[in-house]
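S.K.: Dropping in input_7.pdb, with PDB, C-alpha atoms, pLDDT in the B column.
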ATOM      1  CA  MET A1390       0.000   0.000   0.000  1.00 80.00           C
ATOM      2  CA  ILE A1391       1.472   3.338  -1.046  1.00 94.00           C
ATOM      3  CA  ASP A1392       1.397   6.066   1.614  1.00 97.00           C
ATOM      4  CA  HIS A1393       0.980   9.209  -0.476  1.00 98.00           C
ATOM      5  CA  ALA A1394       1.125  11.475   2.593  1.00 98.00           C
ATOM      6  CA  HIS A1395       4.500  10.024   3.553  1.00 98.00           C
ATOM      7  CA  ASP A1396       5.734  10.519   0.001  1.00 98.00           C
ATOM      8  CA  LEU A1397       4.533  14.127  -0.057  1.00 98.00           C
ATOM      9  CA  GLU A1398       6.646  14.781   3.038  1.00 98.00           C
ATOM     10  CA  SER A1399       9.590  13.060   1.353  1.00 98.00           C
ATOM     11  CA  VAL A1400       9.115  15.328  -1.663  1.00 98.00           C
ATOM     12  CA  ARG A1401       9.140  18.336   0.647  1.00 98.00           C
ATOM     13  CA  GLY A1402      12.425  17.269   2.226  1.00 98.00           C
ATOM     14  CA  ALA A1403      14.054  16.461  -1.113  1.00 98.00           C
ATOM     15  CA  THR A1404      12.974  19.828  -2.497  1.00 98.00           C
ATOM     16  CA  GLU A1405      14.476  21.682   0.448  1.00 98.00           C
ATOM     17  CA  ARG A1406      17.768  19.807   0.004  1.00 98.00           C
ATOM     18  CA  LEU A1407      17.818  20.743  -3.658  1.00 98.00           C
ATOM     19  CA  LEU A1408      16.960  24.396  -3.022  1.00 98.00           C
ATOM     20  CA  THR A1409      19.654  24.695  -0.343  1.00 98.00           C
ATOM     21  CA  ALA A1410      22.282  23.159  -2.602  1.00 98.00           C
ATOM     22  CA  ALA A1411      21.249  25.116  -5.707  1.00 98.00           C
ATOM     23  CA  ALA A1412      21.353  28.398  -3.775  1.00 98.00           C
ATOM     24  CA  ARG A1413      25.132  27.961  -3.491  1.00 98.00           C
ATOM     25  CA  MET A1414      25.465  28.413  -7.246  1.00 98.00           C
ATOM     26  CA  ASP A1415      25.720  31.732  -9.025  1.00 98.00           C
ATOM     27  CA  ASN A1416      24.243  32.907 -12.308  1.00 98.00           C
ATOM     28  CA  ALA A1417      27.246  31.694 -14.285  1.00 98.00           C
ATOM     29  CA  ALA A1418      26.982  28.213 -12.786  1.00 98.00           C
ATOM     30  CA  VAL A1419      23.332  27.960 -13.860  1.00 98.00           C
ATOM     31  CA  THR A1420      24.372  28.340 -17.497  1.00 98.00           C
ATOM     32  CA  LYS A1421      26.924  25.502 -17.293  1.00 98.00           C
ATOM     33  CA  SER A1422      26.146  22.061 -18.672  1.00 98.00           C
ATOM     34  CA  SER A1423      24.296  19.613 -16.471  1.00 98.00           C
ATOM     35  CA  ARG A1424      24.905  15.876 -16.636  1.00 98.00           C
ATOM     36  CA  LEU A1425      21.981  15.524 -19.055  1.00 98.00           C
ATOM     37  CA  PRO A1426      23.062  15.784 -22.710  1.00 97.00           C
ATOM     38  CA  GLY A1427      22.047  19.103 -24.254  1.00 98.00           C
ATOM     39  CA  TRP A1428      20.712  20.570 -21.027  1.00 98.00           C
ATOM     40  CA  SER A1429      22.235  23.287 -18.875  1.00 98.00           C
ATOM     41  CA  ARG A1430      21.586  23.404 -15.147  1.00 98.00           C
ATOM     42  CA  GLY A1431      19.010  26.055 -15.988  1.00 98.00           C
ATOM     43  CA  HIS A1432      17.175  23.524 -18.133  1.00 98.00           C
ATOM     44  CA  VAL A1433      17.086  21.068 -15.233  1.00 98.00           C
ATOM     45  CA  LEU A1434      15.746  23.669 -12.799  1.00 98.00           C
ATOM     46  CA  ALA A1435      13.163  24.893 -15.313  1.00 98.00           C
ATOM     47  CA  HIS A1436      12.026  21.329 -15.973  1.00 98.00           C
ATOM     48  CA  LEU A1437      11.586  20.672 -12.255  1.00 98.00           C
ATOM     49  CA  SER A1438       9.380  23.740 -11.883  1.00 98.00           C
ATOM     50  CA  ARG A1439       7.232  22.931 -14.889  1.00 98.00           C
ATOM     51  CA  ASN A1440       7.002  19.270 -13.856  1.00 98.00           C
ATOM     52  CA  ALA A1441       5.545  20.282 -10.489  1.00 98.00           C
ATOM     53  CA  ASP A1442       2.817  22.250 -12.252  1.00 98.00           C
ATOM     54  CA  ALA A1443       2.278  19.395 -14.702  1.00 98.00           C
ATOM     55  CA  LEU A1444       1.689  16.956 -11.849  1.00 98.00           C
ATOM     56  CA  VAL A1445      -0.805  19.392 -10.333  1.00 98.00           C
ATOM     57  CA  ASN A1446      -2.636  19.114 -13.658  1.00 98.00           C
ATOM     58  CA  VAL A1447      -2.526  15.329 -13.389  1.00 98.00           C
ATOM     59  CA  LEU A1448      -4.017  15.356  -9.893  1.00 98.00           C
ATOM     60  CA  ARG A1449      -6.770  17.694 -11.116  1.00 98.00           C
ATOM     61  CA  GLY A1450      -7.648  15.377 -13.999  1.00 97.00           C
ATOM     62  CA  ARG A1451      -6.233  17.639 -16.703  1.00 98.00           C
ATOM     63  CA  PRO A1452      -3.674  16.806 -19.405  1.00 97.00           C
ATOM     64  CA  MET A1453      -0.186  16.757 -17.901  1.00 98.00           C
ATOM     65  CA  TYR A1454       1.138  19.079 -20.643  1.00 97.00           C
ATOM     66  CA  PRO A1455      -0.732  20.737 -23.522  1.00 96.00           C
ATOM     67  CA  SER A1456       1.646  18.867 -25.853  1.00 96.00           C
ATOM     68  CA  GLY A1457       5.186  17.559 -26.008  1.00 96.00           C
ATOM     69  CA  ASP A1458       6.221  20.600 -28.024  1.00 98.00           C
ATOM     70  CA  ALA A1459       4.709  22.958 -25.466  1.00 98.00           C
ATOM     71  CA  ARG A1460       6.541  21.152 -22.671  1.00 98.00           C
ATOM     72  CA  ASP A1461       9.878  21.508 -24.462  1.00 98.00           C
ATOM     73  CA  ALA A1462       9.199  25.149 -25.373  1.00 98.00           C
ATOM     74  CA  ASP A1463       8.444  26.056 -21.757  1.00 98.00           C
ATOM     75  CA  ILE A1464      11.721  24.501 -20.593  1.00 98.00           C
ATOM     76  CA  GLU A1465      13.694  26.343 -23.290  1.00 98.00           C
ATOM     77  CA  ARG A1466      11.956  29.602 -22.383  1.00 98.00           C
ATOM     78  CA  ASP A1467      12.706  29.284 -18.674  1.00 98.00           C
ATOM     79  CA  ALA A1468      16.220  27.804 -18.799  1.00 98.00           C
ATOM     80  CA  PRO A1469      18.156  31.114 -19.229  1.00 98.00           C
ATOM     81  CA  ARG A1470      16.641  32.826 -16.190  1.00 98.00           C
ATOM     82  CA  PRO A1471      18.952  34.034 -13.393  1.00 98.00           C
ATOM     83  CA  LEU A1472      19.385  31.895 -10.322  1.00 98.00           C
ATOM     84  CA  HIS A1473      17.095  33.848  -7.989  1.00 98.00           C
ATOM     85  CA  VAL A1474      14.227  33.555 -10.470  1.00 98.00           C
ATOM     86  CA  GLN A1475      14.828  29.839 -10.937  1.00 98.00           C
ATOM     87  CA  LEU A1476      14.825  29.225  -7.191  1.00 98.00           C
ATOM     88  CA  ALA A1477      11.690  31.309  -6.592  1.00 98.00           C
ATOM     89  CA  ASP A1478       9.861  29.444  -9.359  1.00 98.00           C
ATOM     90  CA  LEU A1479      10.970  26.069  -8.035  1.00 98.00           C
ATOM     91  CA  ARG A1480       9.873  26.915  -4.496  1.00 98.00           C
ATOM     92  CA  GLU A1481       6.512  28.334  -5.600  1.00 98.00           C
ATOM     93  CA  SER A1482       5.701  25.488  -7.989  1.00 98.00           C
ATOM     94  CA  ALA A1483       6.688  22.964  -5.296  1.00 98.00           C
ATOM     95  CA  ALA A1484       4.280  24.710  -2.896  1.00 98.00           C
ATOM     96  CA  ARG A1485       1.484  24.439  -5.463  1.00 98.00           C
ATOM     97  CA  PHE A1486       2.139  20.715  -5.746  1.00 98.00           C
ATOM     98  CA  GLN A1487       2.042  20.292  -1.966  1.00 98.00           C
ATOM     99  CA  GLU A1488      -1.186  22.317  -1.758  1.00 98.00           C
ATOM    100  CA  GLN A1489      -2.828  20.104  -4.364  1.00 98.00           C
ATOM    101  CA  GLY A1490      -1.588  17.028  -2.535  1.00 98.00           C
ATOM    102  CA  ALA A1491      -3.332  18.220   0.614  1.00 98.00           C
ATOM    103  CA  VAL A1492      -6.742  18.408  -1.099  1.00 97.00           C
ATOM    104  CA  PRO A1493      -9.026  15.540   0.018  1.00 97.00           C
ATOM    105  CA  ALA A1494      -9.288  13.112  -2.895  1.00 97.00           C
ATOM    106  CA  ASP A1495      -9.681   9.499  -3.939  1.00 98.00           C
ATOM    107  CA  TRP A1496      -6.035   8.479  -4.055  1.00 98.00           C
ATOM    108  CA  SER A1497      -6.929   5.070  -5.491  1.00 97.00           C
ATOM    109  CA  ARG A1498      -8.221   6.611  -8.732  1.00 98.00           C
ATOM    110  CA  THR A1499      -6.400   6.191 -12.036  1.00 98.00           C
ATOM    111  CA  VAL A1500      -4.706   9.262 -13.500  1.00 98.00           C
ATOM    112  CA  GLU A1501      -3.097   9.852 -16.873  1.00 98.00           C
ATOM    113  CA  LEU A1502       0.451  11.105 -17.317  1.00 98.00           C
ATOM    114  CA  ARG A1503       2.414  11.709 -20.550  1.00 95.00           C
ATOM    115  CA  ASN A1504       2.073   9.618 -23.700  1.00 91.00           C
ATOM    116  CA  GLY A1505      -0.985   7.760 -22.452  1.00 93.00           C
ATOM    117  CA  VAL A1506       0.779   6.340 -19.383  1.00 95.00           C
ATOM    118  CA  THR A1507      -1.599   5.743 -16.486  1.00 97.00           C
ATOM    119  CA  ASP A1508      -1.003   5.171 -12.787  1.00 97.00           C
ATOM    120  CA  THR A1509      -2.820   5.467  -9.493  1.00 98.00           C
ATOM    121  CA  ALA A1510      -3.012   8.939  -7.993  1.00 98.00           C
ATOM    122  CA  SER A1511      -1.288   7.626  -4.877  1.00 98.00           C
ATOM    123  CA  ARG A1512       1.936   7.047  -6.827  1.00 98.00           C
ATOM    124  CA  VAL A1513       2.132  10.592  -8.202  1.00 98.00           C
ATOM    125  CA  PRO A1514       3.961  11.942  -5.108  1.00 98.00           C
ATOM    126  CA  PHE A1515       6.587   9.214  -5.474  1.00 98.00           C
ATOM    127  CA  ARG A1516       7.006  10.104  -9.149  1.00 98.00           C
ATOM    128  CA  ARG A1517       7.644  13.697  -8.098  1.00 98.00           C
ATOM    129  CA  TRP A1518      10.089  12.516  -5.448  1.00 98.00           C
ATOM    130  CA  ALA A1519      12.014  10.685  -8.170  1.00 98.00           C
ATOM    131  CA  GLU A1520      12.089  13.795 -10.344  1.00 98.00           C
ATOM    132  CA  VAL A1521      13.522  15.915  -7.545  1.00 99.00           C
ATOM    133  CA  GLU A1522      16.119  13.396  -6.335  1.00 98.00           C
ATOM    134  CA  LEU A1523      17.449  12.275  -9.719  1.00 98.00           C
ATOM    135  CA  HIS A1524      17.545  15.753 -11.209  1.00 98.00           C
ATOM    136  CA  HIS A1525      19.370  17.013  -8.117  1.00 98.00           C
ATOM    137  CA  VAL A1526      22.047  14.475  -9.053  1.00 98.00           C
ATOM    138  CA  ASP A1527      21.855  15.637 -12.691  1.00 98.00           C
ATOM    139  CA  LEU A1528      22.801  19.183 -11.683  1.00 98.00           C
ATOM    140  CA  GLY A1529      26.316  17.959 -10.918  1.00 98.00           C
ATOM    141  CA  ILE A1530      26.757  20.148  -7.846  1.00 98.00           C
ATOM    142  CA  GLY A1531      27.950  17.562  -5.327  1.00 98.00           C
ATOM    143  CA  TYR A1532      24.861  15.410  -4.742  1.00 98.00           C
ATOM    144  CA  GLU A1533      25.465  11.866  -5.989  1.00 98.00           C
ATOM    145  CA  LEU A1534      23.478   8.660  -6.292  1.00 98.00           C
ATOM    146  CA  GLU A1535      25.252   7.454  -3.158  1.00 98.00           C
ATOM    147  CA  ASP A1536      23.718  10.401  -1.256  1.00 98.00           C
ATOM    148  CA  LEU A1537      20.115   9.476  -2.048  1.00 98.00           C
ATOM    149  CA  PRO A1538      17.941   8.315   0.872  1.00 98.00           C
ATOM    150  CA  GLU A1539      18.093   4.539   1.217  1.00 97.00           C
ATOM    151  CA  GLU A1540      14.309   4.221   1.092  1.00 98.00           C
ATOM    152  CA  PHE A1541      14.152   6.174  -2.149  1.00 98.00           C
ATOM    153  CA  THR A1542      16.953   4.193  -3.786  1.00 98.00           C
ATOM    154  CA  GLN A1543      15.284   0.850  -3.089  1.00 98.00           C
ATOM    155  CA  ARG A1544      11.846   2.021  -4.132  1.00 98.00           C
ATOM    156  CA  GLU A1545      13.156   3.535  -7.358  1.00 98.00           C
ATOM    157  CA  ILE A1546      15.008   0.302  -8.168  1.00 98.00           C
ATOM    158  CA  ASN A1547      11.734  -1.543  -7.560  1.00 98.00           C
ATOM    159  CA  PHE A1548       9.839   0.959  -9.725  1.00 97.00           C
ATOM    160  CA  LEU A1549      12.268   0.733 -12.635  1.00 98.00           C
ATOM    161  CA  THR A1550      12.569  -3.050 -12.570  1.00 97.00           C
ATOM    162  CA  GLU A1551       8.763  -3.176 -12.646  1.00 96.00           C
ATOM    163  CA  ARG A1552       8.777  -0.765 -15.579  1.00 95.00           C
ATOM    164  CA  PHE A1553      11.173  -2.949 -17.584  1.00 96.00           C
ATOM    165  CA  ARG A1554       9.470  -6.225 -16.619  1.00 95.00           C
ATOM    166  CA  GLY A1555       8.037  -7.828 -19.753  1.00 94.00           C
ATOM    167  CA  HIS A1556       9.677  -5.214 -22.011  1.00 94.00           C
ATOM    168  CA  PRO A1557      10.317  -6.772 -25.438  1.00 93.00           C
ATOM    169  CA  ASP A1558      13.638  -4.926 -25.876  1.00 94.00           C
ATOM    170  CA  VAL A1559      15.138  -6.052 -22.550  1.00 95.00           C
ATOM    171  CA  PRO A1560      16.259  -9.660 -22.060  1.00 95.00           C
ATOM    172  CA  ALA A1561      14.947 -11.500 -19.022  1.00 96.00           C
ATOM    173  CA  LEU A1562      17.395 -10.913 -16.183  1.00 97.00           C
ATOM    174  CA  VAL A1563      17.738 -10.763 -12.425  1.00 97.00           C
ATOM    175  CA  ILE A1564      19.002  -7.732 -10.521  1.00 97.00           C
ATOM    176  CA  GLU A1565      21.003  -8.817  -7.467  1.00 97.00           C
ATOM    177  CA  GLU A1566      21.679  -6.046  -4.972  1.00 97.00           C
ATOM    178  CA  ASP A1567      24.666  -5.966  -2.658  1.00 92.00           C
ATOM    179  CA  ASP A1568      22.452  -7.023   0.266  1.00 92.00           C
ATOM    180  CA  GLY A1569      21.500 -10.221  -1.586  1.00 93.00           C
ATOM    181  CA  ARG A1570      18.045  -9.042  -2.667  1.00 95.00           C
ATOM    182  CA  ARG A1571      17.109 -10.443  -6.097  1.00 97.00           C
ATOM    183  CA  ILE A1572      14.547  -8.799  -8.411  1.00 97.00           C
ATOM    184  CA  PRO A1573      13.538 -10.257 -11.799  1.00 96.00           C
ATOM    185  CA  THR A1574      12.990  -7.854 -14.677  1.00 97.00           C
ATOM    186  CA  GLY A1575      13.185  -7.680 -18.449  1.00 96.00           C
ATOM    187  CA  GLY A1576      11.381  -9.840 -20.957  1.00 93.00           C
ATOM    188  CA  HIS A1577       9.372 -12.984 -20.409  1.00 90.00           C
ATOM    189  CA  GLY A1578      10.952 -16.365 -19.896  1.00 89.00           C
ATOM    190  CA  GLU A1579      13.664 -17.798 -17.701  1.00 90.00           C
ATOM    191  CA  PRO A1580      16.223 -15.078 -16.821  1.00 90.00           C
ATOM    192  CA  ALA A1581      19.443 -15.592 -18.778  1.00 86.00           C
ATOM    193  CA  LEU A1582      21.486 -12.907 -17.006  1.00 95.00           C
ATOM    194  CA  VAL A1583      22.228 -11.902 -13.432  1.00 97.00           C
ATOM    195  CA  VAL A1584      23.375  -8.304 -12.902  1.00 98.00           C
ATOM    196  CA  THR A1585      24.951  -7.592  -9.526  1.00 98.00           C
ATOM    197  CA  GLY A1586      26.327  -4.482  -7.866  1.00 97.00           C
ATOM    198  CA  ARG A1587      25.892  -1.746  -5.310  1.00 97.00           C
ATOM    199  CA  GLN A1588      22.447  -0.214  -5.084  1.00 97.00           C
ATOM    200  CA  ALA A1589      23.684   3.187  -6.283  1.00 98.00           C
ATOM    201  CA  ASP A1590      25.304   1.640  -9.369  1.00 98.00           C
ATOM    202  CA  LEU A1591      22.255  -0.493 -10.123  1.00 98.00           C
ATOM    203  CA  LEU A1592      19.982   2.527  -9.837  1.00 98.00           C
ATOM    204  CA  GLY A1593      22.352   4.572 -11.985  1.00 98.00           C
ATOM    205  CA  TRP A1594      22.212   1.967 -14.746  1.00 98.00           C
ATOM    206  CA  LEU A1595      18.451   1.434 -14.555  1.00 98.00           C
ATOM    207  CA  ALA A1596      17.800   5.195 -14.551  1.00 98.00           C
ATOM    208  CA  GLY A1597      20.210   5.941 -17.391  1.00 97.00           C
ATOM    209  CA  ARG A1598      22.616   7.866 -15.153  1.00 97.00           C
ATOM    210  CA  ARG A1599      25.543   5.399 -15.275  1.00 98.00           C
ATOM    211  CA  ASP A1600      26.864   3.096 -17.978  1.00 97.00           C
ATOM    212  CA  GLY A1601      26.860  -0.004 -15.815  1.00 97.00           C
ATOM    213  CA  SER A1602      30.622  -0.503 -15.977  1.00 97.00           C
ATOM    214  CA  ALA A1603      30.736  -0.905 -12.187  1.00 98.00           C
ATOM    215  CA  LEU A1604      28.282  -3.805 -12.330  1.00 98.00           C
ATOM    216  CA  THR A1605      29.055  -7.508 -12.687  1.00 97.00           C
ATOM    217  CA  VAL A1606      27.140  -9.560 -15.253  1.00 97.00           C
ATOM    218  CA  HIS A1607      26.898 -13.328 -14.988  1.00 94.00           C
ATOM    219  CA  ARG A1608      26.180 -15.485 -18.036  1.00 90.00           C
ATOM    220  CA  GLY A1609      26.366 -12.751 -20.652  1.00 92.00           C
ATOM    221  CA  ALA A1610      26.902  -9.086 -21.447  1.00 94.00           C
ATOM    222  CA  LEU A1611      25.158  -6.113 -19.895  1.00 96.00           C
ATOM    223  CA  PRO A1612      22.202  -5.227 -22.133  1.00 94.00           C
ATOM    224  CA  SER A1613      21.359  -1.730 -23.315  1.00 94.00           C
ATOM    225  CA  LEU A1614      18.197  -0.368 -21.720  1.00 95.00           C
ATOM    226  CA  PRO A1615      15.612   1.653 -23.659  1.00 93.00           C
ATOM    227  CA  PRO A1616      15.239   5.302 -22.665  1.00 89.00           C
ATOM    228  CA  LEU A1617      12.813   6.101 -19.873  1.00 85.00           C
TER     229      LEU A1617
END
For this file, write the structure as structure tokens.
M.R.:
Amino acid sequence: MIDHAHDLESVRGATERLLTAAARMDNAAVTKSSRLPGWSRGHVLAHLSRNADALVNVLRGRPMYPSGDARDADIERDAPRPLHVQLADLRESAARFQEQGAVPADWSRTVELRNGVTDTASRVPFRRWAEVELHHVDLGIGYELEDLPEEFTQREINFLTERFRGHPDVPALVIEEDDGRRIPTGGHGEPALVVTGRQADLLGWLAGRRDGSALTVHRGALPSLPPL
């Protein structure tokens, strides 16, 4: 059972960590490249602000974004803004998300995200938590996958392995974490591969943040994962 109220509090804490860290930058640092290809740190911050508003739309039963082109245009428009504007927007949009999360609602209902993807409303706060944590890492300002809360890391590994389970472009495999936990994922059939490693490295590979070179693969080669 997903505790959306707990996840909303986790989002709040993750957002405050990000805002505190980002406030140490200056305007020049915001224009520097992030760890995401083609995006500056300003792009990452702008995306986080617009994503918060988009998830408010989701919780209200509206389209997440007017269109993919509109989403991209809004990020491009907002990316060059100075740091103080970026931080104010991020804080205010995060507050709007929290306010919407506090509205009494049926959290078991199905909501629609981008590209026809559906989920339960109760998992929307966790999706926002993932956006904030992973994009904090993407800023490249000293927050690494190893710094993520342990609860988040495990739940995101679980979420991503579930997402790839049954995927036709991913061979059947087993993820083996450094604590011995084993999670099947990938296509149907008997798993042919076992991928082992530290939780941070496994999450980095599953989330497209690391190339998997720190992982060990038994009975084959590390497969390429489709983009998220």
S.K.: Quick check on the file I pasted: which residues fall under the PyMOL selection byres ((chain A and resi 1444) around 8)? Write them as a PyMOL selection string.
M.R.: chain A and resi 1440-1443+1445-1448+1453+1486+1513+1517
S.K.: Any chance you could resolve the PyMOL selection byres ((chain A and resi 1596) around 9) against this file and give the residues as a ChimeraX atom specification?
M.R.: /A:1523,1545-1546,1549,1591-1595,1597-1599,1616-1617
S.K.: Could you please take those selected residues and save C-alpha atoms as a CSV table (one decimal), keeping the file's coordinate frame?
M.R.:
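Here's the written file again09.csv:
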chain,number,residue,atom,x,y,z
A,1523,LEU,CA,17.4,12.3,-9.7
A,1545,GLU,CA,13.2,3.5,-7.4
A,1546,ILE,CA,15.0,0.3,-8.2
A,1549,LEU,CA,12.3,0.7,-12.6
A,1591,LEU,CA,22.3,-0.5,-10.1
A,1592,LEU,CA,20.0,2.5,-9.8
A,1593,GLY,CA,22.4,4.6,-12.0
A,1594,TRP,CA,22.2,2.0,-14.7
A,1595,LEU,CA,18.5,1.4,-14.6
A,1597,GLY,CA,20.2,5.9,-17.4
A,1598,ARG,CA,22.6,7.9,-15.2
A,1599,ARG,CA,25.5,5.4,-15.3
A,1616,PRO,CA,15.2,5.3,-22.7
A,1617,LEU,CA,12.8,6.1,-19.9
S.K.: Enter the distance from atom CA of A:Ala1589 to atom CA of A:Leu1604, in Å, rounded to one decimal.
M.R.: 10.3 Å
S.K.: Apply the PyMOL selection byres ((chain A and resi 1608) around 7) to the structure shown and report the selected residues as a list in words.
M.R.: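 This file, filtered by the PyMOL selection byres ((chain A and resi 1608) around 7), leaves Ala1581, Leu1582, Val1606, His1607 and Gly1609 of chain A.
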S.K.: Restricting it to C-alpha atoms, dump the selection as an mmCIF file, keeping the file's coordinate frame.
M.R.:
data_model
loop_
_atom_site.group_PDB
_atom_site.id
_atom_site.type_symbol
_atom_site.label_atom_id
_atom_site.label_comp_id
_atom_site.auth_asym_id
_atom_site.auth_seq_id
_atom_site.Cartn_x
_atom_site.Cartn_y
_atom_site.Cartn_z
ATOM 1 C CA ALA A 1581 19.443 -15.592 -18.778
ATOM 2 C CA LEU A 1582 21.486 -12.907 -17.006
ATOM 3 C CA VAL A 1606 27.140 -9.560 -15.253
ATOM 4 C CA HIS A 1607 26.898 -13.328 -14.988
ATOM 5 C CA GLY A 1609 26.366 -12.751 -20.652
#
S.K.: Take the point (25.1, 20.1, -13.2) as written in the file and pick out every residue within 6 Å of it, counting all atoms listed in the file; give the list as a short mmCIF file (atom, residue, chain, number, x, y, z; two decimals) with C-alpha atoms, keeping the file's coordinate frame.
M.R.:
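Now in point-v5.cif:
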data_model
loop_
_atom_site.label_atom_id
_atom_site.label_comp_id
_atom_site.auth_asym_id
_atom_site.auth_seq_id
_atom_site.Cartn_x
_atom_site.Cartn_y
_atom_site.Cartn_z
CA SER A 1422 26.15 22.06 -18.67
CA SER A 1423 24.30 19.61 -16.47
CA ARG A 1424 24.90 15.88 -16.64
CA ARG A 1430 21.59 23.40 -15.15
CA ASP A 1527 21.86 15.64 -12.69
CA LEU A 1528 22.80 19.18 -11.68
CA GLY A 1529 26.32 17.96 -10.92
CA ILE A 1530 26.76 20.15 -7.85
#
S.K.: Once you add 3 Å to each side, what are the centre and edge lengths of the axis-aligned box holding all listed atoms of stretch 1469-1477 of chain A? One decimal in Å, as lines of an AutoDock Vina configuration file, if you can.
M.R.:
center_x = 15.5
center_y = 31.6
center_z = -12.9
size_x = 13.7
size_y = 10.8
size_z = 18.6
S.K.: What is the distance between atom CA of A:Ile1391 and atom CA of A:Glu1481, in Å to one decimal?
M.R.: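 Calculated distance between atom CA of A:Ile1391 and atom CA of A:Glu1481 is 25.9 Å.
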S.K.: In Å, rounded to a single decimal, give me how far atom CA of A:Leu1562 is from atom CA of A:Ser1602.
M.R.: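 The value is 16.8 Å.
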S.K.: Kindly indicate which residue among A:Val1419, A:Ala1519, A:Leu1437, A:Leu1537 lies nearest to A:His1473, using only C-alpha atoms for the distances.
M.R.: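 Under the stated criterion, the closest residue is A:Val1419.
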S.K.: Only N, CA, C and O atoms needed: put stretch 1398-1410 of chain A from the block into a file as a PDB file, in the first residue's frame.
M.R.:
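Dumped everything to selection_23.pdb:
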ATOM      1  N   GLU A1398       5.659  14.249   2.104  1.00  0.00           N
ATOM      2  CA  GLU A1398       6.646  14.781   3.038  1.00  0.00           C
ATOM      3  C   GLU A1398       8.061  14.516   2.535  1.00  0.00           C
ATOM      4  O   GLU A1398       8.966  15.346   2.703  1.00  0.00           O
ATOM      5  N   SER A1399       8.275  13.371   1.913  1.00  0.00           N
ATOM      6  CA  SER A1399       9.590  13.060   1.353  1.00  0.00           C
ATOM      7  C   SER A1399       9.921  14.002   0.209  1.00  0.00           C
ATOM      8  O   SER A1399      11.071  14.426   0.060  1.00  0.00           O
ATOM      9  N   VAL A1400       8.924  14.344  -0.599  1.00  0.00           N
ATOM     10  CA  VAL A1400       9.115  15.328  -1.663  1.00  0.00           C
ATOM     11  C   VAL A1400       9.509  16.671  -1.067  1.00  0.00           C
ATOM     12  O   VAL A1400      10.421  17.352  -1.562  1.00  0.00           O
ATOM     13  N   ARG A1401       8.838  17.054   0.001  1.00  0.00           N
ATOM     14  CA  ARG A1401       9.140  18.336   0.647  1.00  0.00           C
ATOM     15  C   ARG A1401      10.600  18.377   1.105  1.00  0.00           C
ATOM     16  O   ARG A1401      11.315  19.354   0.871  1.00  0.00           O
ATOM     17  N   GLY A1402      11.043  17.309   1.760  1.00  0.00           N
ATOM     18  CA  GLY A1402      12.425  17.269   2.226  1.00  0.00           C
ATOM     19  C   GLY A1402      13.421  17.276   1.092  1.00  0.00           C
ATOM     20  O   GLY A1402      14.452  17.970   1.154  1.00  0.00           O
ATOM     21  N   ALA A1403      13.151  16.507   0.035  1.00  0.00           N
ATOM     22  CA  ALA A1403      14.054  16.461  -1.113  1.00  0.00           C
ATOM     23  C   ALA A1403      14.132  17.818  -1.800  1.00  0.00           C
ATOM     24  O   ALA A1403      15.202  18.245  -2.254  1.00  0.00           O
ATOM     25  N   THR A1404      12.998  18.508  -1.866  1.00  0.00           N
ATOM     26  CA  THR A1404      12.974  19.828  -2.497  1.00  0.00           C
ATOM     27  C   THR A1404      13.795  20.821  -1.693  1.00  0.00           C
ATOM     28  O   THR A1404      14.540  21.640  -2.264  1.00  0.00           O
ATOM     29  N   GLU A1405      13.689  20.766  -0.383  1.00  0.00           N
ATOM     30  CA  GLU A1405      14.476  21.682   0.448  1.00  0.00           C
ATOM     31  C   GLU A1405      15.970  21.400   0.309  1.00  0.00           C
ATOM     32  O   GLU A1405      16.777  22.343   0.264  1.00  0.00           O
ATOM     33  N   ARG A1406      16.346  20.132   0.228  1.00  0.00           N
ATOM     34  CA  ARG A1406      17.768  19.807   0.004  1.00  0.00           C
ATOM     35  C   ARG A1406      18.246  20.377  -1.314  1.00  0.00           C
ATOM     36  O   ARG A1406      19.347  20.947  -1.400  1.00  0.00           O
ATOM     37  N   LEU A1407      17.431  20.238  -2.341  1.00  0.00           N
ATOM     38  CA  LEU A1407      17.818  20.743  -3.658  1.00  0.00           C
ATOM     39  C   LEU A1407      17.926  22.268  -3.650  1.00  0.00           C
ATOM     40  O   LEU A1407      18.887  22.838  -4.182  1.00  0.00           O
ATOM     41  N   LEU A1408      16.934  22.935  -3.059  1.00  0.00           N
ATOM     42  CA  LEU A1408      16.960  24.396  -3.022  1.00  0.00           C
ATOM     43  C   LEU A1408      18.168  24.912  -2.248  1.00  0.00           C
ATOM     44  O   LEU A1408      18.818  25.889  -2.665  1.00  0.00           O
ATOM     45  N   THR A1409      18.492  24.280  -1.137  1.00  0.00           N
ATOM     46  CA  THR A1409      19.654  24.695  -0.343  1.00  0.00           C
ATOM     47  C   THR A1409      20.943  24.531  -1.130  1.00  0.00           C
ATOM     48  O   THR A1409      21.817  25.417  -1.129  1.00  0.00           O
ATOM     49  N   ALA A1410      21.070  23.399  -1.822  1.00  0.00           N
ATOM     50  CA  ALA A1410      22.282  23.159  -2.602  1.00  0.00           C
ATOM     51  C   ALA A1410      22.366  24.089  -3.805  1.00  0.00           C
ATOM     52  O   ALA A1410      23.434  24.643  -4.106  1.00  0.00           O
TER      53      ALA A1410
END
